[in-house]
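**Student:** One structure, pasted below without further comment.
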Amino acid sequence: MIRKTAEQIVMTPKCKSANSTTLIIERKKLPSEPVIANREQKDVHVAGGDHKGIVINKQMTNAANGVEKPPHLFLQFKVFLVSMQSGKHTQEQRMLNFWFADTLQVEARPTVAQEFFKELVSPQEFPRDYVGFIKKIMKLVQHKYPTINKVEVELKQIDEPVELPVRPLSADETSLGDVKILELTSEKILELIESAYPNPLTIQDLVEDHGWDADSVAEKLSELQKKGLVVAMDKGAFTRVVHQDVQIQVVKQMPTMASAKQPTIAIITAQYCEKLAVDSLIENKETFVRYNTVGSENDSESSPTDSPNNATAKHPRVNRRIRFGESNVYTLGDIGAHRIVCTKLPTTGHTREAMTAAGNTTTRLLGTFQKVDYVFLVGVGGGVPHYTDYKRHVRLGDVVVSCPARLNNKFVYMYCESAKMHEDGSYNFDTKEYCPSNLGLQDIATSLKKQVNESEGLNPPWQCYMRDGLKNLGTQSEHNFEAPPADSDKLYMNIGEKDVIEVAHPVAPKGDSTYARNDGCPQIHLAPVASGRQISRDDQLRQKFASRFGVLAFDAEMDAVVDSILGNCRDSFAVVRGIADYRDGSRGKEWQPYASLAAASVVKAMICAMDPPSPVKK
């Protein structure tokens, strides 16, 4: 005779077919009086010891014969299995349906389900076998999630061919030597030249930074010249040919501008496709480029040359390097009633030195254009997915505008210097927090989002601007700004040992049109943006950080730029990130152009919603 506990976690098979199994795991309250139980009973196993309070039914439930309430929410994901005997890969789809206690508020359900799921698939102890997976669900429900009443688990074998997912590395990981030497291709050379733009690069730069052969680099540069994509400069340097800007002037210093032509808004981009996207939305634009190289005291400043043979005629083996931040590009023009200046940070990598140079470039920009009152950091970033809440889920192509997460969290951008784990598994994050003293831009973004929600997402202004941008960009053989196929938006989660699972995107609640998505129209989200090498490289750590601070996007360490903005007494700025991956924006190239255009279009909508500038006094 044993005395059962007042509450037990009971697992019961629901149904089984040739390729699927469905189980029900539920919390059951039992009477406290003594009950006769046989541990070796044919159809029931009552666990003891460390597993006390768990009951396994071996007989199918008859629940399907009755009327069952639909689940409060569900979550679906795929795992990729390897047979130990044959070595063949198979794919399994797993579905979790959740029912919660009546005491749990409806708006809290997605958060509980998300935390449950993240703990279930934690890389430290991810269940690698069927029995371990079910057992972990039962133990979590029993000990950690008292508000979950029932979980229905469906495991289904997928017959379609298996393509193992490859988790792409970010640019930061490749720069830190986590992978082998990059393959030398024309596409890679062009990517590096675009990243450095407006800084020119020499063959020596490319050889020293990537370990390539100088003759092979010269050959690839010659191919790019013949395609009209790069141009040779003095001293063996090369830079990108910008086809879209017909009004480009190479200058030693910026010409003096009439007061009425002085920009009041600055837009800062870091990647080449980001600047193309912004420039496509600026009217009456003209671009000024100032080049400078470092050589002997008698060296003159570089300027583009039309010589087509510089790449092969000589290799610049002299000790001459292009300094970070010495070259500048400024595109001036109009957006709505406002004068704009757009620049691109000249980086040659994801090092802290490059980011510091980006801060110096920002200081130079704000020193040159002293009437700038508002600053936008515009480009791509990595989204923070919410696996169970459609309303809070950030997808590829969406846009996150940096806003405080809560009323008591007065920061819009955060940089994480380091993260240290305590013995109990909790983390201490060493952070720097940034917030403009004037949240006017954030108020405009909030108002725009409210207007779109009230109109049920119909025809938001940035959708029109995206169409204009696509038309102005024309045919881009190197950068396709059209939306990639929807099925390329894959949501992978690292579960350790270089293994990943593919998680399905949450679906919209039935009958809720407030957050409905329009095809080809990004949604905007208002939340803090963050960065930090340590957290961006660790999937689980990034999720913990984002959950604690309410972050919805990460980018590639722009803290030095934000430091410069605040240090130059600009009290109104916004970080606007189009979501290109689920990391920091540098992971995959497919979504970057479209995400850049989405971010630029939202910024144009914000600028057009601003009050017109005050008339210039004569």
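By order in the structure tokens, chains are A, B, ...; within a chain, residues start at 1; ligands start at 1, following the order shown.
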Find the residues around Gly333 (chain A) up to 9 Å (only C-alpha atoms counted), leave out those fewer than 3 positions away in its own chain, and share them as JSON, numbers by chain.
**Tutor:** {"A": [261, 263, 279, 282, 283, 284, 285, 286, 287, 338, 339, 340, 341, 342]}
**Student:** Output the selection as a compact mmCIF listing (two decimals), in the first residue's frame - N, CA, C and O atoms for each residue.
**Tutor:**
# COMPACT_ATOMS: atom_id res chain seq x y z
N LYS A 261 21.21 75.00 -47.60
CA LYS A 261 21.57 73.68 -48.13
C LYS A 261 22.20 72.78 -47.08
O LYS A 261 22.51 71.62 -47.35
N PRO A 263 22.50 70.18 -44.24
CA PRO A 263 21.60 69.12 -43.77
C PRO A 263 21.33 69.24 -42.28
O PRO A 263 22.19 69.66 -41.50
N ASP A 279 20.31 55.86 -50.36
CA ASP A 279 20.48 56.81 -51.47
C ASP A 279 19.33 56.72 -52.48
O ASP A 279 18.97 57.71 -53.12
N ILE A 282 16.62 59.25 -51.63
CA ILE A 282 16.98 60.66 -51.51
C ILE A 282 16.78 61.34 -52.86
O ILE A 282 17.21 60.82 -53.90
N GLU A 283 16.17 62.50 -52.86
CA GLU A 283 15.97 63.27 -54.10
C GLU A 283 17.02 64.37 -54.20
O GLU A 283 17.58 64.81 -53.20
N ASN A 284 17.26 64.80 -55.44
CA ASN A 284 18.20 65.91 -55.72
C ASN A 284 19.56 65.64 -55.08
O ASN A 284 20.18 66.53 -54.50
N LYS A 285 20.04 64.43 -55.20
CA LYS A 285 21.25 64.07 -54.46
C LYS A 285 22.52 64.34 -55.26
O LYS A 285 22.54 64.28 -56.50
N GLU A 286 23.56 64.63 -54.53
CA GLU A 286 24.92 64.73 -55.07
C GLU A 286 25.87 64.15 -54.04
O GLU A 286 25.64 64.25 -52.83
N THR A 287 26.94 63.51 -54.52
CA THR A 287 27.84 62.78 -53.65
C THR A 287 29.25 63.35 -53.73
O THR A 287 29.76 63.63 -54.82
N HIS A 338 13.10 67.87 -45.68
CA HIS A 338 14.34 67.93 -44.90
C HIS A 338 15.57 67.69 -45.78
O HIS A 338 15.55 66.89 -46.71
N ARG A 339 16.64 68.39 -45.41
CA ARG A 339 17.94 68.18 -46.04
C ARG A 339 18.66 67.04 -45.31
O ARG A 339 18.71 66.99 -44.08
N ILE A 340 19.24 66.13 -46.10
CA ILE A 340 19.82 64.90 -45.57
C ILE A 340 21.29 64.81 -45.98
O ILE A 340 21.66 65.22 -47.08
N VAL A 341 22.10 64.23 -45.10
CA VAL A 341 23.42 63.77 -45.50
C VAL A 341 23.53 62.31 -45.10
O VAL A 341 23.20 61.93 -43.98
N CYS A 342 23.94 61.48 -46.05
CA CYS A 342 24.11 60.05 -45.79
C CYS A 342 25.58 59.68 -46.00
O CYS A 342 26.18 60.08 -47.00
**Student:** List every residue of region 237-280 of chain A that DSSP, applied to the backbone of this structure, assigns to strand (DSSP E), and report them as a ChimeraX atom specification.
**Tutor:** /A:237-240,248-250,265-269
**Student:** As an exercise, work out the distance from CA of Asp334 (chain A) to CA of Phe573 (chain A) in Å and give it to one decimal place.
**Tutor:**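 Going from CA of Asp334 (chain A) over to CA of Phe573 (chain A) covers 18.6 Å.
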**Student:** Would you mind reading off the distance between CA of Lys371 (chain A) and CA of Leu441 (chain A), one decimal, in Å?
**Tutor:**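 So the two atoms, CA of Lys371 (chain A) and CA of Leu441 (chain A), lie 17.2 Å apart.
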**Student:** Any idea what's packed within 8 Å of His393 (chain A), counting only C-alpha atoms, ignoring anything in its chain fewer than 6 positions away? Could you give it as a ChimeraX atom specification?
**Tutor:** /A:384-387,506
**Student:** For each of A:Thr147, A:Gln540, A:Asn472, A:Ser418, take the minimum atom-to-atom distance to Ile495 (chain A), counting only C-alpha atoms, then give the residue where this is smallest.
**Tutor:**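 Nearest candidate to Ile495 (chain A) out of A:Thr147, A:Gln540, A:Asn472, A:Ser418: A:Gln540.
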**Student:** With the cut-off set at 7 Å and counting only C-alpha atoms, tabulate each residue of region 365-432 of chain A with an atom at most that distance from an atom of region 542-557 of chain A, showing the nearest atom pair and its distance in Å to one decimal, ordered by chain and increasing number, as a Markdown table.
**Tutor:**
| residue | atom | partner | partner_atom | distance |
| --- | --- | --- | --- | --- |
| A:Gly381 | CA | A:Asp555 | CA | 4.6 |
| A:Gly382 | CA | A:Phe554 | CA | 5.0 |
| A:Gly383 | CA | A:Ala553 | CA | 4.5 |
| A:Val384 | CA | A:Leu552 | CA | 4.9 |
| A:Val400 | CA | A:Ala553 | CA | 6.6 |
| A:Ala405 | CA | A:Gly550 | CA | 5.5 |
**Student:** How many Å lie between CA of Lys252 (chain A) and CA of Asp209 (chain A), rounded to one decimal?
**Tutor:**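 Computed distance, CA of Lys252 (chain A) to CA of Asp209 (chain A), equals 28.3 Å.
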**Student:** Would you list the contacts of Ile9 (chain A) as a VMD selection string, taking every protein, DNA or RNA residue within 7 Å and counting only C-alpha atoms, but skipping same-chain residues closer than 5 positions in sequence?
**Tutor:** chain A and resid 25 to 28 53 to 55 138 142
**Student:** Got time to write the residues from that selection, N, CA, C and O atoms, as a PDB file, in the first residue's frame?
**Tutor:**
ATOM      1  N   ILE A  25       0.767  14.474 -21.868  1.00  0.00           N
ATOM      2  CA  ILE A  25       1.410  14.627 -20.560  1.00  0.00           C
ATOM      3  C   ILE A  25       0.606  15.676 -19.810  1.00  0.00           C
ATOM      4  O   ILE A  25       0.531  16.837 -20.245  1.00  0.00           O
ATOM      5  N   GLU A  26      -0.044  15.261 -18.702  1.00  0.00           N
ATOM      6  CA  GLU A  26      -0.920  16.209 -18.013  1.00  0.00           C
ATOM      7  C   GLU A  26      -0.770  16.109 -16.496  1.00  0.00           C
ATOM      8  O   GLU A  26      -0.373  15.087 -15.942  1.00  0.00           O
ATOM      9  N   ARG A  27      -1.122  17.210 -15.889  1.00  0.00           N
ATOM     10  CA  ARG A  27      -1.086  17.320 -14.434  1.00  0.00           C
ATOM     11  C   ARG A  27      -2.447  16.885 -13.887  1.00  0.00           C
ATOM     12  O   ARG A  27      -3.489  17.399 -14.308  1.00  0.00           O
ATOM     13  N   LYS A  28      -2.425  15.921 -12.966  1.00  0.00           N
ATOM     14  CA  LYS A  28      -3.686  15.414 -12.408  1.00  0.00           C
ATOM     15  C   LYS A  28      -3.646  15.488 -10.892  1.00  0.00           C
ATOM     16  O   LYS A  28      -2.679  15.032 -10.265  1.00  0.00           O
ATOM     17  N   GLY A  53       6.110  10.817  -8.346  1.00  0.00           N
ATOM     18  CA  GLY A  53       5.093  11.741  -8.829  1.00  0.00           C
ATOM     19  C   GLY A  53       4.850  11.643 -10.316  1.00  0.00           C
ATOM     20  O   GLY A  53       4.006  12.352 -10.858  1.00  0.00           O
ATOM     21  N   ILE A  54       5.559  10.735 -10.995  1.00  0.00           N
ATOM     22  CA  ILE A  54       5.375  10.530 -12.431  1.00  0.00           C
ATOM     23  C   ILE A  54       4.724   9.170 -12.658  1.00  0.00           C
ATOM     24  O   ILE A  54       5.132   8.159 -12.073  1.00  0.00           O
ATOM     25  N   VAL A  55       3.699   9.166 -13.494  1.00  0.00           N
ATOM     26  CA  VAL A  55       2.959   7.952 -13.806  1.00  0.00           C
ATOM     27  C   VAL A  55       2.956   7.746 -15.318  1.00  0.00           C
ATOM     28  O   VAL A  55       2.678   8.683 -16.075  1.00  0.00           O
ATOM     29  N   MET A 138       8.270  15.815 -19.007  1.00  0.00           N
ATOM     30  CA  MET A 138       7.533  15.496 -17.790  1.00  0.00           C
ATOM     31  C   MET A 138       8.174  16.144 -16.557  1.00  0.00           C
ATOM     32  O   MET A 138       7.486  16.687 -15.693  1.00  0.00           O
ATOM     33  N   GLN A 142       6.600  18.998 -14.148  1.00  0.00           N
ATOM     34  CA  GLN A 142       6.448  18.649 -12.736  1.00  0.00           C
ATOM     35  C   GLN A 142       7.105  19.662 -11.800  1.00  0.00           C
ATOM     36  O   GLN A 142       6.497  20.079 -10.801  1.00  0.00           O
TER      37      GLN A 142
END
**Student:** Can you pull out the residues contacting Pro13 (chain A)? Cut-off 9 Å, using only C-alpha atoms, and skip same-chain residues under 2 positions away; I want them as a PyMOL selection string.
**Tutor:** chain A and resi 11+15-16+21-25+57-61
**Student:** Give the answer as one residue: which of A:Ala609, A:Ala600, A:Ile524, A:Val251 has the shortest atom-to-atom distance to Ile268 (chain A), using only C-alpha atoms?
**Tutor:**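 Closest residue, counting only C-alpha atoms: A:Ala600.
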**Student:** Which one of A:Lys69, A:Glu191, A:Phe376, A:Leu541 sits closest to Ile265 (chain A) if you count only C-alpha atoms?
**Tutor:**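 Of A:Lys69, A:Glu191, A:Phe376, A:Leu541, the one nearest Ile265 (chain A), counting only C-alpha atoms, is A:Phe376.
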**Student:** With only C-alpha atoms as the atoms that count, which of A:Val603, A:Val452, A:Lys471, A:Glu590 lies nearest to Asp489 (chain A)?
**Tutor:**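 Residue with the minimum atom-to-atom distance to Asp489 (chain A): A:Glu590.
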**Student:** Each residue of region 344-448 of chain A lying at most 12 Å from region 457-470 of chain A should get a row with its shortest atom-to-atom pair and the distance in Å to one decimal, counting only C-alpha atoms; could you produce that, ordered by chain and increasing number, as a Markdown table?
**Tutor:**
| residue | atom | partner | partner_atom | distance |
| --- | --- | --- | --- | --- |
| A:Gly397 | CA | A:Met466 | CA | 11.7 |
| A:Asp398 | CA | A:Trp462 | CA | 11.5 |
| A:Val399 | CA | A:Trp462 | CA | 10.6 |
| A:Ala445 | CA | A:Trp462 | CA | 11.7 |
| A:Leu448 | CA | A:Pro460 | CA | 8.4 |
**Student:** Could you dump the residues just selected with all heavy atoms as a compact mmCIF listing (two decimals), in the first residue's frame?
**Tutor:**
# COMPACT_ATOMS: atom_id res chain seq x y z
N GLY A 397 13.22 40.53 -42.82
CA GLY A 397 12.58 41.60 -43.58
C GLY A 397 11.83 42.60 -42.72
O GLY A 397 11.51 43.68 -43.19
N ASP A 398 11.52 42.24 -41.46
CA ASP A 398 10.90 43.19 -40.55
C ASP A 398 11.90 44.28 -40.16
O ASP A 398 13.11 44.17 -40.44
CB ASP A 398 10.40 42.48 -39.28
CG ASP A 398 9.11 41.71 -39.51
OD1 ASP A 398 8.56 41.79 -40.62
OD2 ASP A 398 8.67 41.01 -38.58
N VAL A 399 11.42 45.32 -39.49
CA VAL A 399 12.28 46.44 -39.10
C VAL A 399 12.09 46.71 -37.61
O VAL A 399 10.96 46.78 -37.12
CB VAL A 399 11.94 47.71 -39.90
CG1 VAL A 399 12.79 48.88 -39.43
CG2 VAL A 399 12.15 47.46 -41.40
N ALA A 445 8.04 57.01 -34.38
CA ALA A 445 7.94 55.60 -34.75
C ALA A 445 6.75 54.95 -34.06
O ALA A 445 6.02 54.15 -34.66
CB ALA A 445 9.23 54.88 -34.39
N LEU A 448 3.61 56.02 -35.85
CA LEU A 448 3.47 55.33 -37.13
C LEU A 448 2.94 53.91 -36.93
O LEU A 448 2.04 53.46 -37.65
CB LEU A 448 4.82 55.28 -37.86
CG LEU A 448 5.25 56.51 -38.64
CD1 LEU A 448 6.66 56.33 -39.15
CD2 LEU A 448 4.30 56.79 -39.79
**Student:** Taking only C-alpha atoms into account, name the residue in A:Glu154, A:Ile203, A:Thr12, A:Met95 that is nearest to Glu219 (chain A).
**Tutor:**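 Between A:Glu154, A:Ile203, A:Thr12, A:Met95, the residue approaching Glu219 (chain A) most closely is A:Ile203.
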**Student:** Could you go through region 315-560 of chain A and tell me which residues DSSP, when run on the backbone, assigns to alpha helix (DSSP H), listing them as an MDAnalysis selection string?
**Tutor:** chainID A and resid 352:368 440:454 461:473 533:536 539:549 559:560
